[in-house]
Amino acid sequence: MKITSVVMLSQTFHPVIGGAEKQALEISKALVKRGVKVTALTRLRPGLPAEETVDGVLIKRLACPGSGAVNSAVFMLKSFFWLLANKAAYDAVHVHLASSPAVAAVLAGKVTGRRVVVKLGGGKGVDEISLSEKTFAGRLKLAFFKLAAPELLVMNAEVYKWLQETPRYAGLKLRQFRNGVDTGRYTPPLYHEKIAAKAAVGLENLTTFLFVGRLSPEKRVKEFVEAWAEVFAEERERPHIRLVIVGGGPEEAALRKAVADLDLAGTVTLTGPKDDLLPYYRAADVFILPSISEGLSNSMLEAMACGVAIMASRVGGAREAIAPGVSGCLFDPLNRVELKACVRGFIEDRTLPLKLGEQARKTVVDKYSMARVADELLAMYGEG
């Protein structure tokens, strides 16, 4: 079946910043480039119009009164009836995250006969299936998914294998998939461009380590900063390295305090959240992802596309995407000795980030380009 129109259903969408929201927008833009009409259906948020077009994507925002569970319930009902009323205007529905709108989409799909796929988020332990198990409503949702059998897209092999091998999840229709990145926009800078990129964000020509993401406990950025301080204390000569942390979240205040308490103000920079991340990727030499649990990080893929070497914990999508010693360095997130050994490897050989970054770029082009992901999604939408 040829797909000509798709609905992207998500509780939040552009300009809300987040991994799921960003991936939903990038997929939508890639489909538009292939001549597909894409409508993003989401909730109306204060200060935003009820309807607008962004990069060819029609965004429809449904007004949902109330807050919390009431707001979510209203959006679920409104989404259901919108999908029924507009069934002639789309061929498939792609739901971003398995929250209550996914139930609405699957029900509507049963009535209309339209194809529905649901993307799961999160790494093992903080994935949506595990979290759903903790509430009565969540368990009802899982029972419904087993009965209705929508296709659930799992973003990394670790979660996919665990779900497949756990008896209580038998009946869920799973497909391993992946996030994608625009390898035409995210490209490696030349040497002189790299130096200029560092200067543009206020950095010296030092080996720059970069974290991009939400500052929450599972990301373990504070623990990384503590290990960073130990490296400086243990090296005989002051390392020529810099750590830049881009993002905000519940750990931000504690992280700023740790930087001050550990006297790291000269080697660690916290920028807060940034809308445009490309200048930081182009300035970076090593991207860090010290999470204890992770799905498949958009930011990591974007950094790889920019030719940045990766230093990541050996969990989730990073374990699949990174070849140790080839495109990056992997470590146990709870093993500080391993973590510091990775950092020291980049200190001892300043050419290492370039060598690993070239291979990281090749990996993304070969396996994670948005062009390839969009083509595979179109084929998936067209399945019976």
# chains A, B, ... in the order shown; residues from 1 in each chain; ligands from 1
$ select_by_dssp --residues "segment 55-175 of chain A" --states "helix (DSSP H, G or I)" --output "MDAnalysis selection string"
chainID A and resid 68:85 87:89 100:112 128:132 136:148 157:165 167:169
$ residues_around --residues "segment 330-337 of chain A" --least-positions-apart "3" --cutoff "7 Å" --atoms "only C-alpha atoms" --output "list in words"
Ala227, Pro290, Ser291, Ile292, Met311, Ala312, Ser313, Arg314, Pro324, Lys340 and Ala341 of chain A
$ residues_around --residues "segment 90-102 of chain A" --least-positions-apart "4" --cutoff "9 Å" --atoms "only C-alpha atoms" --output "PyMOL selection string"
chain A and resi 2-11+20-21+23-24+37-39+72-73+75-77+79-80+83+86+106-107+109+114-121+128-129+132+138+141+152+381-382
$ write_last_selection --atoms "C-alpha atoms" --output "PDB file, in the first residue's frame"
ATOM      1  CA  LYS A   2       1.366   3.407  -0.951  1.00  0.00           C
ATOM      2  CA  ILE A   3       1.327   5.815   1.980  1.00  0.00           C
ATOM      3  CA  THR A   4       0.387   9.412   1.149  1.00  0.00           C
ATOM      4  CA  SER A   5      -0.649  10.799   4.546  1.00  0.00           C
ATOM      5  CA  VAL A   6       0.351  10.104   8.158  1.00  0.00           C
ATOM      6  CA  VAL A   7      -0.761  11.395  11.561  1.00  0.00           C
ATOM      7  CA  MET A   8       1.912  11.849  14.224  1.00  0.00           C
ATOM      8  CA  LEU A   9       0.150  11.636  17.589  1.00  0.00           C
ATOM      9  CA  SER A  10       1.967  12.915  20.662  1.00  0.00           C
ATOM     10  CA  GLN A  11       0.939  14.504  23.966  1.00  0.00           C
ATOM     11  CA  ALA A  20      10.603  12.140  21.804  1.00  0.00           C
ATOM     12  CA  GLU A  21       9.321  15.503  20.548  1.00  0.00           C
ATOM     13  CA  GLN A  23      12.457  12.737  16.954  1.00  0.00           C
ATOM     14  CA  ALA A  24       8.754  13.113  16.072  1.00  0.00           C
ATOM     15  CA  LYS A  37       1.271  14.769   4.009  1.00  0.00           C
ATOM     16  CA  VAL A  38       2.017  14.805   7.744  1.00  0.00           C
ATOM     17  CA  THR A  39      -0.349  16.077  10.436  1.00  0.00           C
ATOM     18  CA  SER A  72      -4.635  13.615  29.614  1.00  0.00           C
ATOM     19  CA  ALA A  73      -8.055  11.949  29.611  1.00  0.00           C
ATOM     20  CA  PHE A  75      -6.768  14.668  25.093  1.00  0.00           C
ATOM     21  CA  MET A  76      -7.224  10.905  24.759  1.00  0.00           C
ATOM     22  CA  LEU A  77     -10.944  11.299  24.047  1.00  0.00           C
ATOM     23  CA  SER A  79      -7.748  12.352  19.803  1.00  0.00           C
ATOM     24  CA  PHE A  80     -10.022   9.333  19.416  1.00  0.00           C
ATOM     25  CA  LEU A  83      -9.101  10.236  14.270  1.00  0.00           C
ATOM     26  CA  ASN A  86     -10.853  12.502   9.824  1.00  0.00           C
ATOM     27  CA  VAL A 106      -5.310   1.840  18.637  1.00  0.00           C
ATOM     28  CA  LEU A 107      -9.065   1.919  19.303  1.00  0.00           C
ATOM     29  CA  GLY A 109      -7.449   2.069  14.209  1.00  0.00           C
ATOM     30  CA  ARG A 114      -5.966   2.369   9.624  1.00  0.00           C
ATOM     31  CA  ARG A 115      -2.470   1.145  10.484  1.00  0.00           C
ATOM     32  CA  VAL A 116      -1.199   2.202  13.946  1.00  0.00           C
ATOM     33  CA  VAL A 117       2.358   1.909  15.285  1.00  0.00           C
ATOM     34  CA  VAL A 118       3.408   2.975  18.785  1.00  0.00           C
ATOM     35  CA  LYS A 119       6.946   3.993  19.701  1.00  0.00           C
ATOM     36  CA  LEU A 120       8.093   2.972  23.181  1.00  0.00           C
ATOM     37  CA  GLY A 121      10.478   5.230  25.072  1.00  0.00           C
ATOM     38  CA  GLU A 128       7.231   2.645  29.484  1.00  0.00           C
ATOM     39  CA  ILE A 129       6.348  -1.005  29.984  1.00  0.00           C
ATOM     40  CA  SER A 132       3.070   1.008  33.326  1.00  0.00           C
ATOM     41  CA  GLY A 138      -0.931   1.173  33.320  1.00  0.00           C
ATOM     42  CA  LYS A 141      -3.219  -0.430  29.173  1.00  0.00           C
ATOM     43  CA  LEU A 152       5.199  -1.529  19.474  1.00  0.00           C
ATOM     44  CA  TYR A 381       3.095   1.971   7.569  1.00  0.00           C
ATOM     45  CA  GLY A 382       2.111   0.241   4.332  1.00  0.00           C
TER      46      GLY A 382
END
$ residues_around --residues "Phe346 of chain A" --least-positions-apart "2" --cutoff "10 Å" --atoms "only C-alpha atoms" --output "PyMOL selection string"
chain A and resi 207-209+241+285-286+309+311+329+341-344+348-353
$ residues_around --residues "Leu296 of chain A" --least-positions-apart "2" --cutoff "10 Å" --atoms "only C-alpha atoms" --output "list in words"
Gly19, Gly121, Gly122, Gly123, Val154, Met155, Asn156, Ala157, Arg178, Asn179, Gly180, Ser293, Glu294, Asn298, Ser299, Met300, Leu301, Val315, Gly316, Gly317, Ala318, Arg319, Glu320 and Ala321 of chain A
$ closest_residue --among "A:Met370, A:Ala199, A:Val159, A:Ala258" --to "Gly295 of chain A" --atoms "only C-alpha atoms"
A:Val159
$ atom_distance --atom1 "atom CA of Val326 of chain A" --atom2 "atom CA of Cys306 of chain A"
15.8 Å
$ residues_around --residues "Val308 of chain A" --least-positions-apart "5" --cutoff "8 Å" --atoms "only C-alpha atoms" --output "PyMOL selection string"
chain A and resi 188+281+284-287+303+353-354+356-358+360-361
$ residues_around --residues "Lys173 of chain A" --least-positions-apart "6" --cutoff "8 Å" --atoms "only C-alpha atoms" --output "ChimeraX atom specification"
/A:146,149-152
$ write_last_selection --atoms "C-alpha atoms" --output "PDB file, in the first residue's frame"
ATOM      1  CA  LYS A 146      -1.906  -7.598  24.364  1.00  0.00           C
ATOM      2  CA  ALA A 149      -1.840  -6.163  19.316  1.00  0.00           C
ATOM      3  CA  PRO A 150      -0.640  -2.829  17.947  1.00  0.00           C
ATOM      4  CA  GLU A 151       2.948  -2.836  16.688  1.00  0.00           C
ATOM      5  CA  LEU A 152       5.199  -1.529  19.474  1.00  0.00           C
TER       6      LEU A 152
END
$ select_by_dssp --residues "segment 125-370 of chain A" --states "strand (DSSP E or B)" --output "mmCIF file with C-alpha atoms, in the first residue's frame"
data_model
loop_
_atom_site.group_PDB
_atom_site.id
_atom_site.type_symbol
_atom_site.label_atom_id
_atom_site.label_comp_id
_atom_site.auth_asym_id
_atom_site.auth_seq_id
_atom_site.Cartn_x
_atom_site.Cartn_y
_atom_site.Cartn_z
ATOM 1 C CA GLU A 151 2.948 -2.836 16.688
ATOM 2 C CA LEU A 152 5.199 -1.529 19.474
ATOM 3 C CA LEU A 153 8.490 -0.086 18.251
ATOM 4 C CA VAL A 154 11.356 -0.759 20.685
ATOM 5 C CA LYS A 173 3.588 -7.315 19.330
ATOM 6 C CA LEU A 174 7.142 -5.981 19.319
ATOM 7 C CA ARG A 175 9.433 -4.742 16.572
ATOM 8 C CA GLN A 176 12.978 -3.561 17.147
ATOM 9 C CA VAL A 181 19.367 11.665 12.493
ATOM 10 C CA THR A 207 39.777 18.688 24.039
ATOM 11 C CA THR A 208 36.119 19.369 24.774
ATOM 12 C CA PHE A 209 33.812 16.819 26.393
ATOM 13 C CA LEU A 210 30.094 17.500 25.900
ATOM 14 C CA PHE A 211 26.913 16.337 27.602
ATOM 15 C CA VAL A 212 23.543 17.267 26.107
ATOM 16 C CA ILE A 241 40.361 19.281 28.688
ATOM 17 C CA ARG A 242 37.033 21.015 29.197
ATOM 18 C CA LEU A 243 33.581 19.700 30.095
ATOM 19 C CA VAL A 244 30.478 21.464 28.737
ATOM 20 C CA ILE A 245 27.049 20.473 30.069
ATOM 21 C CA VAL A 246 24.045 21.622 28.028
ATOM 22 C CA VAL A 268 33.314 22.681 33.734
ATOM 23 C CA THR A 269 30.721 24.904 32.058
ATOM 24 C CA LEU A 270 26.952 24.590 32.544
ATOM 25 C CA THR A 271 25.115 26.447 29.798
ATOM 26 C CA GLY A 272 21.523 25.645 30.735
ATOM 27 C CA VAL A 286 33.996 13.777 22.870
ATOM 28 C CA PHE A 287 30.302 13.315 23.654
ATOM 29 C CA ILE A 288 29.526 11.780 27.053
ATOM 30 C CA LEU A 289 26.486 9.723 28.021
ATOM 31 C CA ALA A 309 33.810 10.473 19.470
ATOM 32 C CA ILE A 310 31.505 8.857 22.023
ATOM 33 C CA MET A 311 32.129 8.005 25.659
ATOM 34 C CA ALA A 312 29.042 6.231 26.977
ATOM 35 C CA SER A 313 27.873 3.809 29.621
ATOM 36 C CA PRO A 324 34.726 0.122 21.641
ATOM 37 C CA GLY A 328 34.125 5.410 21.105
ATOM 38 C CA CYS A 329 34.705 4.124 24.617
ATOM 39 C CA LEU A 330 32.134 2.240 26.711
ATOM 40 C CA PHE A 331 32.159 1.870 30.494
ATOM 41 C CA SER A 369 20.440 8.213 8.830
#
$ atom_distance --atom1 "atom CA of Glu51 of chain A" --atom2 "atom CA of Ala108 of chain A"
22.1 Å
$ closest_residue --among "A:Val126, A:Ala170, A:Ala40, A:Ala88" --to "Val54 of chain A" --atoms "only C-alpha atoms"
A:Ala40
$ decode --residues "segment 174-207 of chain A" --atoms "N, CA and C atoms" --output "PDB file, in the first residue's frame"
ATOM      1  N   LEU A 174       5.949  -6.825  19.224  1.00  0.00           N
ATOM      2  CA  LEU A 174       7.142  -5.981  19.319  1.00  0.00           C
ATOM      3  C   LEU A 174       7.909  -5.962  18.005  1.00  0.00           C
ATOM      4  N   ARG A 175       8.507  -4.830  17.700  1.00  0.00           N
ATOM      5  CA  ARG A 175       9.433  -4.742  16.572  1.00  0.00           C
ATOM      6  C   ARG A 175      10.598  -3.864  16.992  1.00  0.00           C
ATOM      7  N   GLN A 176      11.814  -4.376  16.824  1.00  0.00           N
ATOM      8  CA  GLN A 176      12.978  -3.561  17.147  1.00  0.00           C
ATOM      9  C   GLN A 176      13.183  -2.526  16.043  1.00  0.00           C
ATOM     10  N   PHE A 177      13.370  -1.276  16.456  1.00  0.00           N
ATOM     11  CA  PHE A 177      13.593  -0.209  15.485  1.00  0.00           C
ATOM     12  C   PHE A 177      14.674   0.703  16.037  1.00  0.00           C
ATOM     13  N   ARG A 178      14.763   1.936  15.558  1.00  0.00           N
ATOM     14  CA  ARG A 178      15.809   2.840  16.016  1.00  0.00           C
ATOM     15  C   ARG A 178      15.419   4.275  15.687  1.00  0.00           C
ATOM     16  N   ASN A 179      16.064   5.210  16.348  1.00  0.00           N
ATOM     17  CA  ASN A 179      15.924   6.624  16.006  1.00  0.00           C
ATOM     18  C   ASN A 179      16.805   6.934  14.796  1.00  0.00           C
ATOM     19  N   GLY A 180      16.549   8.080  14.188  1.00  0.00           N
ATOM     20  CA  GLY A 180      17.348   8.506  13.049  1.00  0.00           C
ATOM     21  C   GLY A 180      17.842   9.926  13.243  1.00  0.00           C
ATOM     22  N   VAL A 181      18.804  10.321  12.405  1.00  0.00           N
ATOM     23  CA  VAL A 181      19.367  11.665  12.493  1.00  0.00           C
ATOM     24  C   VAL A 181      19.576  12.201  11.079  1.00  0.00           C
ATOM     25  N   ASP A 182      19.391  13.489  10.930  1.00  0.00           N
ATOM     26  CA  ASP A 182      19.580  14.156   9.638  1.00  0.00           C
ATOM     27  C   ASP A 182      21.080  14.327   9.386  1.00  0.00           C
ATOM     28  N   THR A 183      21.659  13.399   8.626  1.00  0.00           N
ATOM     29  CA  THR A 183      23.102  13.425   8.396  1.00  0.00           C
ATOM     30  C   THR A 183      23.517  14.503   7.399  1.00  0.00           C
ATOM     31  N   GLY A 184      22.535  15.171   6.795  1.00  0.00           N
ATOM     32  CA  GLY A 184      22.845  16.307   5.934  1.00  0.00           C
ATOM     33  C   GLY A 184      22.997  17.593   6.723  1.00  0.00           C
ATOM     34  N   ARG A 185      22.256  17.708   7.803  1.00  0.00           N
ATOM     35  CA  ARG A 185      22.368  18.902   8.662  1.00  0.00           C
ATOM     36  C   ARG A 185      23.506  18.757   9.664  1.00  0.00           C
ATOM     37  N   TYR A 186      23.613  17.578  10.256  1.00  0.00           N
ATOM     38  CA  TYR A 186      24.649  17.331  11.260  1.00  0.00           C
ATOM     39  C   TYR A 186      25.857  16.717  10.555  1.00  0.00           C
ATOM     40  N   THR A 187      26.870  17.525  10.323  1.00  0.00           N
ATOM     41  CA  THR A 187      28.049  17.097   9.568  1.00  0.00           C
ATOM     42  C   THR A 187      29.322  17.493  10.313  1.00  0.00           C
ATOM     43  N   PRO A 188      30.422  16.769  10.074  1.00  0.00           N
ATOM     44  CA  PRO A 188      31.684  17.089  10.762  1.00  0.00           C
ATOM     45  C   PRO A 188      32.302  18.379  10.223  1.00  0.00           C
ATOM     46  N   PRO A 189      32.808  19.247  11.103  1.00  0.00           N
ATOM     47  CA  PRO A 189      33.520  20.445  10.643  1.00  0.00           C
ATOM     48  C   PRO A 189      34.948  20.109  10.224  1.00  0.00           C
ATOM     49  N   LEU A 190      35.515  20.921   9.340  1.00  0.00           N
ATOM     50  CA  LEU A 190      36.936  20.815   9.032  1.00  0.00           C
ATOM     51  C   LEU A 190      37.748  21.340  10.216  1.00  0.00           C
ATOM     52  N   TYR A 191      39.072  21.120  10.201  1.00  0.00           N
ATOM     53  CA  TYR A 191      39.902  21.478  11.360  1.00  0.00           C
ATOM     54  C   TYR A 191      39.750  22.953  11.733  1.00  0.00           C
ATOM     55  N   HIS A 192      39.863  23.845  10.740  1.00  0.00           N
ATOM     56  CA  HIS A 192      39.767  25.274  11.060  1.00  0.00           C
ATOM     57  C   HIS A 192      38.343  25.645  11.484  1.00  0.00           C
ATOM     58  N   GLU A 193      37.357  24.917  10.973  1.00  0.00           N
ATOM     59  CA  GLU A 193      35.976  25.162  11.389  1.00  0.00           C
ATOM     60  C   GLU A 193      35.756  24.707  12.831  1.00  0.00           C
ATOM     61  N   LYS A 194      36.438  23.648  13.227  1.00  0.00           N
ATOM     62  CA  LYS A 194      36.328  23.162  14.612  1.00  0.00           C
ATOM     63  C   LYS A 194      36.860  24.207  15.590  1.00  0.00           C
ATOM     64  N   ILE A 195      37.996  24.786  15.270  1.00  0.00           N
ATOM     65  CA  ILE A 195      38.571  25.827  16.141  1.00  0.00           C
ATOM     66  C   ILE A 195      37.634  27.025  16.215  1.00  0.00           C
ATOM     67  N   ALA A 196      37.084  27.416  15.071  1.00  0.00           N
ATOM     68  CA  ALA A 196      36.142  28.545  15.046  1.00  0.00           C
ATOM     69  C   ALA A 196      34.875  28.211  15.823  1.00  0.00           C
ATOM     70  N   ALA A 197      34.432  26.953  15.737  1.00  0.00           N
ATOM     71  CA  ALA A 197      33.231  26.537  16.459  1.00  0.00           C
ATOM     72  C   ALA A 197      33.447  26.611  17.966  1.00  0.00           C
ATOM     73  N   LYS A 198      34.626  26.227  18.419  1.00  0.00           N
ATOM     74  CA  LYS A 198      34.934  26.334  19.850  1.00  0.00           C
ATOM     75  C   LYS A 198      34.900  27.799  20.294  1.00  0.00           C
ATOM     76  N   ALA A 199      35.534  28.662  19.501  1.00  0.00           N
ATOM     77  CA  ALA A 199      35.559  30.092  19.842  1.00  0.00           C
ATOM     78  C   ALA A 199      34.149  30.676  19.863  1.00  0.00           C
ATOM     79  N   ALA A 200      33.286  30.197  18.955  1.00  0.00           N
ATOM     80  CA  ALA A 200      31.931  30.741  18.845  1.00  0.00           C
ATOM     81  C   ALA A 200      31.097  30.490  20.098  1.00  0.00           C
ATOM     82  N   VAL A 201      31.404  29.408  20.832  1.00  0.00           N
ATOM     83  CA  VAL A 201      30.666  29.137  22.071  1.00  0.00           C
ATOM     84  C   VAL A 201      31.530  29.437  23.298  1.00  0.00           C
ATOM     85  N   GLY A 202      32.606  30.205  23.101  1.00  0.00           N
ATOM     86  CA  GLY A 202      33.417  30.685  24.216  1.00  0.00           C
ATOM     87  C   GLY A 202      34.405  29.689  24.769  1.00  0.00           C
ATOM     88  N   LEU A 203      34.889  28.764  23.927  1.00  0.00           N
ATOM     89  CA  LEU A 203      35.823  27.744  24.399  1.00  0.00           C
ATOM     90  C   LEU A 203      37.200  27.922  23.779  1.00  0.00           C
ATOM     91  N   GLU A 204      38.218  27.528  24.539  1.00  0.00           N
ATOM     92  CA  GLU A 204      39.585  27.495  24.004  1.00  0.00           C
ATOM     93  C   GLU A 204      39.759  26.231  23.170  1.00  0.00           C
ATOM     94  N   ASN A 205      40.891  26.147  22.486  1.00  0.00           N
ATOM     95  CA  ASN A 205      41.168  24.970  21.666  1.00  0.00           C
ATOM     96  C   ASN A 205      41.694  23.831  22.542  1.00  0.00           C
ATOM     97  N   LEU A 206      40.825  23.359  23.420  1.00  0.00           N
ATOM     98  CA  LEU A 206      41.120  22.228  24.297  1.00  0.00           C
ATOM     99  C   LEU A 206      40.253  21.051  23.879  1.00  0.00           C
ATOM    100  N   THR A 207      40.633  19.846  24.277  1.00  0.00           N
ATOM    101  CA  THR A 207      39.777  18.688  24.039  1.00  0.00           C
ATOM    102  C   THR A 207      38.492  18.878  24.843  1.00  0.00           C
TER     103      THR A 207
END
